[in-house]
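Note sheet for the following structure.
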Amino acid sequence: MKIIEVENLRKDFGDFKAIKNINFSVNKGEIFGFLGPNGAGKTTTINMLTGLAKPTSGSINISGRDGIKDIKKVQGIIGIVPDESNLYDEMSGFDNLVFCASLYGIDKETRERKANELLKLFSLDDTGNRPFKAFSKGMKRKLTIAAGIIHDPEILFLDEPTTGIDVESARQIRNMIQVLNSKGTTIFLTTHYIEDAERLCDRIGFIVSGNVIKVSYIDDLLKDVQLENIVEFNFDKRTNIEKELKEKFPNIKIKTMSDKSIRIFSENQIKLMPFMNFFDGKDLNVNEAKIIRPSLEEVFVKVTGLEIDKLKKEKEGKKK
Amino acid sequence: MKKFLAFWNILKKDMKNYYLKPPNISWGIIFPISWTLMFFMRSTSDIDIRGILPGVMALSILFGTTSMLAVTITFERKSRSFERLLLAPISLNLLMLAKTTGAILFGIVNAFIPVIFASFLTDLSGVNWFLVLFGIILIALTSTFLGLFIAVSVSEVFEAQTFSNFFRFPMMFLCGLFIPIENLPAFIRPVSYVLPLTYGADILKLSINSDGSIHFLISIGVLVAYSLVLFFISTNNIKKKWIY
């Protein structure tokens with residue numbers, strides 16, 4: 001069952017077409033990853049879905065409601081965690097949560113109980129009256145997520161939830177996303193950590209230059225890029241056998257990974273024994289031979305044409 | 001009921017976070033005292049406290065409301081916490097009313113501080129307190145929505161202050177607060193009648209000293225119209241600029 005349906009959605013800023021008639025849907029109860037390079041239109045799309053931007057044309061349906069005309073009703077059933085922690089600096093964690101709950105009309109007793117529960121759940125219950133501005137980055141992020149879910153939304157929009165925070169907080173947030181999802185919350189996630197997307201998401205949508213160019217289940221995306229079989233060999237000493245190897249096995253492609261390791265690419269299944277015998281003949285001991293499975297990172301690079309390192313640097317730079 | 005709960009909590013949060021902070025409370029007290037003292041020192045004869053009271057009250061409201069609202073909204077907008085309010089399931093009109101009610105109340109309280117001082121120094125009998133209150137509320141409304149208009153028009157806190165002064169300082173001298181409009185050069189007088197504070201100050205003059213020069217129904221009408229237009233322009237600007 002579809003909980004978000006986007007049809008021919010377009011957004012122009014003057015002559016600039018930020019979003020170009022995109023179509024996609026999100027299934028109820030899934031974790032949907034929305035990936036794309038900087039400036040691709042992710043935030044503009046999220047802003048249109050959540051009511052912070054008006055589409056130039058197209059339609060949005062969220063949980064059976066018109067996401068443009070009935071946006072105020074829609075906002076009552078969605079939670080939003082923006083890419084920047086935007087709670088009130090002077091207020092404590094508890095006061096921030098209680099205030100956010102009040103915006104959804106939750107009564108005093110319930111919102112105070114829920115605020116305490118969430119502070120405990122996110123290990124923030126020892127922050128007392130400390131103002132939000134005195135929180136660490138990780139704590140701020142966790143509290144912002146807590147504020148986004150205090151009204152038990154059907155759909156949670158998470159924009160870069162683990163960017164720029166410590167490993168432990170990021171791990172807690174990932175766990176929390178999975179727990180929320182297991183309780184039935186649909187998650188719409190943008191992240192530039194491809195590993196996070198691969199680990200968490202059921203389906204991924206790729207947006208490049210305002211176009212959604214691919215939407216698919218993770219397994220299907222991986223199958224698409226697995227056109228070749230890859231095996232990596234690690235040796236016990238330095239070697240330079242690429243030329244000889246190519247002469248012996250003309251149907252393979254070879255890539256030197258380091259002084260002591262190479263990768264072999266083949267469209268056919270790679271049988272290890274002929275290679276092992278070849279290396280043995282060259283007096284090379286193989287420490288490790290491993291099959292390299294394609295990752296979502298490779299899918300991303302293939303689909304967007306953007307190097308992942310560049311994407312990370314851009315995003316990290318933006319956060320700083 | 002749910003909408004009222006959100007309205008009340010936004011108002012309560014603003015009162016606690018901004019208006020009831022010691023620097024702002026002291027601003028509300030120091031400002032009217034400074035104005036009263038300034039006129040006292042300037043005067044060669046005994047100061048007519050009752051005569052300057054409408055002007056000091058009007059200025060206290062104008063400065064109190066515009067300073068606070070323009071800065072708080074610009075600040076929240078810059079820190080992106082205002083987005084949180086825009087994403088809440090309450091209408092933009094109700095949200096902006098909640099954000100401005102704190103400033104309106106702050107302006108009303110500010111207006112009564114000079115009244116309290118004046119009550120120790122002069123006889124305030126014969127004042128039409130009902131009309132005074134009505135005038136104060138209308139000035140507070142107009143000034144607050146002027147502050148809102150300024151807040152929505154700028155993006156930096158310092159711009160808000162500069163832009164506020166662009167409106168406030170001409171009003172100090174052109175609205176008949178201390179210099180009667182009839183004493184102003186003829187070519188400036190039309191400007192006075194364009195400024196809303198002229199009408200607010202005239203209601204206060206009429207209710208405190210019975211010397212207003214504009215029929216109070218006209219003044220009320222102009223101030224209500226100004227408030228509605230400023231609120232309408234501001235919310236429309238928010239829709240255009242912040243919900244782009």
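Following the order of the structure tokens, chains are lettered A, B, ..., residues in each are numbered from 1, and ligands are numbered from 1.
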
Please find the residues of chain B near chain A - the criterion being any atom within 9 Å, counting only C-alpha atoms - and write them as a compact mmCIF listing (two decimals) with C-alpha atoms, in the first residue's frame.
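result34.txt written:
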# COMPACT_ATOMS: atom_id res chain seq x y z
CA MET B 1 -9.06 22.94 21.48
CA LYS B 2 -5.88 21.45 19.94
CA LYS B 3 -5.28 24.67 18.02
CA PHE B 4 -5.74 26.75 21.16
CA LEU B 5 -3.26 24.52 22.98
CA ALA B 6 -0.64 25.17 20.30
CA PHE B 7 -1.45 28.93 20.33
CA TRP B 8 -1.16 29.13 24.09
CA ASN B 9 2.11 27.20 24.24
CA ILE B 10 3.76 29.31 21.51
CA LYS B 13 7.24 29.94 25.25
CA ASN B 17 12.12 32.97 26.45
CA GLU B 76 14.24 32.27 15.11
CA SER B 79 18.36 29.58 13.66
CA ARG B 80 15.70 27.70 11.64
CA SER B 81 13.58 27.06 14.74
CA PHE B 82 10.84 29.08 13.03
CA GLU B 83 10.62 26.30 10.43
CA ARG B 84 9.44 24.03 13.22
CA LEU B 85 6.45 26.32 13.73
CA LEU B 86 5.73 26.53 10.00
CA LEU B 87 5.70 22.72 9.86
CA ALA B 88 3.22 22.41 12.75
CA PRO B 89 -0.40 21.54 11.91
CA ILE B 90 -1.72 25.02 12.70
CA SER B 91 -2.73 27.70 10.23
CA TRP B 242 9.40 31.45 3.65
CA ILE B 243 7.05 28.89 2.15
CA TYR B 244 8.60 29.51 -1.24

Do a neighbour search on A:Glu7 at 8 Å with only C-alpha atoms, toss out local chain neighbours closer than 5 positions, and write the hits as a JSON list (two decimals) with N, CA and C atoms, in the first residue's frame.
[["chain", "number", "residue", "atom", "x", "y", "z"],
["A", 21, "ASN", "N", 9.21, 17.36, -13.06],
["A", 21, "ASN", "CA", 8.15, 16.35, -13.23],
["A", 21, "ASN", "C", 8.51, 14.97, -12.69],
["A", 22, "ILE", "N", 8.79, 14.92, -11.42],
["A", 22, "ILE", "CA", 9.20, 13.63, -10.85],
["A", 22, "ILE", "C", 8.00, 12.80, -10.42],
["A", 23, "ASN", "N", 8.20, 11.49, -10.48],
["A", 23, "ASN", "CA", 7.17, 10.53, -10.06],
["A", 23, "ASN", "C", 7.84, 9.48, -9.19],
["A", 24, "PHE", "N", 7.26, 9.22, -8.04],
["A", 24, "PHE", "CA", 7.70, 8.09, -7.23],
["A", 24, "PHE", "C", 6.66, 7.85, -6.13],
["A", 58, "GLY", "N", 1.93, 19.54, -10.37],
["A", 58, "GLY", "CA", 2.00, 18.14, -9.95],
["A", 58, "GLY", "C", 1.16, 17.88, -8.72],
["A", 59, "SER", "N", 1.17, 16.65, -8.28],
["A", 59, "SER", "CA", 0.36, 16.30, -7.12],
["A", 59, "SER", "C", 1.14, 15.46, -6.12],
["A", 60, "ILE", "N", 0.73, 15.62, -4.86],
["A", 60, "ILE", "CA", 1.31, 14.84, -3.77],
["A", 60, "ILE", "C", 0.14, 14.26, -2.99]]

Practice prompt. Using atom CA of A:Val208 and atom CA of A:Lys42 as the two end points, give the distance in Å to one decimal.
Written response: 8.9 Å

Worksheet item: Where does DSSP see alpha helix (DSSP H) in stretch 16-170 of chain B, if you list the residues as a ChimeraX atom specification?
Response: /B:22-42,49-78,81-86,92-121,129-153,157-170

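The shell of residues at most 10 Å from A:Gly184, with only C-alpha atoms counted and near chain neighbours (fewer than 6 positions) removed, consists of Lys28, Gly29, Glu30, Pro153, Glu154, Ile155 and Gln178 of chain A.
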
Item to complete: Excluding stretch 186-189 of chain B and any residue of its chain fewer than 5 positions from it, enumerate the residues within 12 Å of it, using only C-alpha atoms, and give them as number ranges by chain.
Response: B: 170-171, 173-176, 179-181, 194-195, 198

Residues from last step as file, N, CA and C atoms, as a JSON list (two decimals), in the first residue's frame:
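Output file result.json follows:
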[["chain", "number", "residue", "atom", "x", "y", "z"],
["B", 170, "PRO", "N", 11.05, 58.75, 12.49],
["B", 170, "PRO", "CA", 10.13, 59.76, 11.93],
["B", 170, "PRO", "C", 8.83, 59.87, 12.74],
["B", 171, "MET", "N", 8.36, 58.70, 13.24],
["B", 171, "MET", "CA", 7.10, 58.72, 14.01],
["B", 171, "MET", "C", 7.26, 59.54, 15.29],
["B", 173, "PHE", "N", 8.77, 62.23, 15.80],
["B", 173, "PHE", "CA", 8.69, 63.68, 15.60],
["B", 173, "PHE", "C", 7.49, 64.13, 14.77],
["B", 174, "LEU", "N", 6.94, 63.19, 14.00],
["B", 174, "LEU", "CA", 5.90, 63.61, 13.05],
["B", 174, "LEU", "C", 4.48, 63.24, 13.46],
["B", 175, "CYS", "N", 4.34, 62.53, 14.56],
["B", 175, "CYS", "CA", 3.00, 62.03, 14.91],
["B", 175, "CYS", "C", 2.30, 62.84, 15.98],
["B", 176, "GLY", "N", 2.83, 64.01, 16.25],
["B", 176, "GLY", "CA", 2.19, 64.88, 17.23],
["B", 176, "GLY", "C", 2.34, 64.40, 18.66],
["B", 179, "ILE", "N", 5.34, 67.42, 19.63],
["B", 179, "ILE", "CA", 5.18, 68.67, 18.85],
["B", 179, "ILE", "C", 3.83, 68.56, 18.14],
["B", 180, "PRO", "N", 2.89, 69.47, 18.43],
["B", 180, "PRO", "CA", 1.58, 69.38, 17.76],
["B", 180, "PRO", "C", 1.73, 69.40, 16.24],
["B", 181, "ILE", "N", 0.91, 68.61, 15.58],
["B", 181, "ILE", "CA", 1.02, 68.51, 14.12],
["B", 181, "ILE", "C", 0.81, 69.88, 13.47],
["B", 194, "VAL", "N", -0.27, 60.10, 7.43],
["B", 194, "VAL", "CA", -0.09, 58.77, 6.84],
["B", 194, "VAL", "C", 0.41, 57.79, 7.91],
["B", 195, "LEU", "N", 1.04, 58.33, 8.94],
["B", 195, "LEU", "CA", 1.65, 57.47, 9.96],
["B", 195, "LEU", "C", 0.60, 57.04, 11.01],
["B", 198, "THR", "N", 0.07, 58.65, 14.68],
["B", 198, "THR", "CA", -0.65, 59.92, 14.80],
["B", 198, "THR", "C", -2.04, 59.67, 15.39]]

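Among the candidates B:Ala151, B:Leu11, B:Leu20, B:Leu121, the one nearest to B:Gly102 when counting only C-alpha atoms is B:Leu11.
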
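Residue nearest A:Asp283 within the list A:Leu227, A:Ile241, A:Leu296, A:Ile254: A:Ile241 [criterion: smallest interatomic distance, only C-alpha atoms].
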
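The interatomic distance for the pair atom CA of B:Lys241 and atom CA of B:Ala160 works out to 16.1 Å.
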
Worksheet item: Between atom CA of A:Arg203 and atom CA of A:Val215, what is the spacing in Å?
Response: 7.1 Å
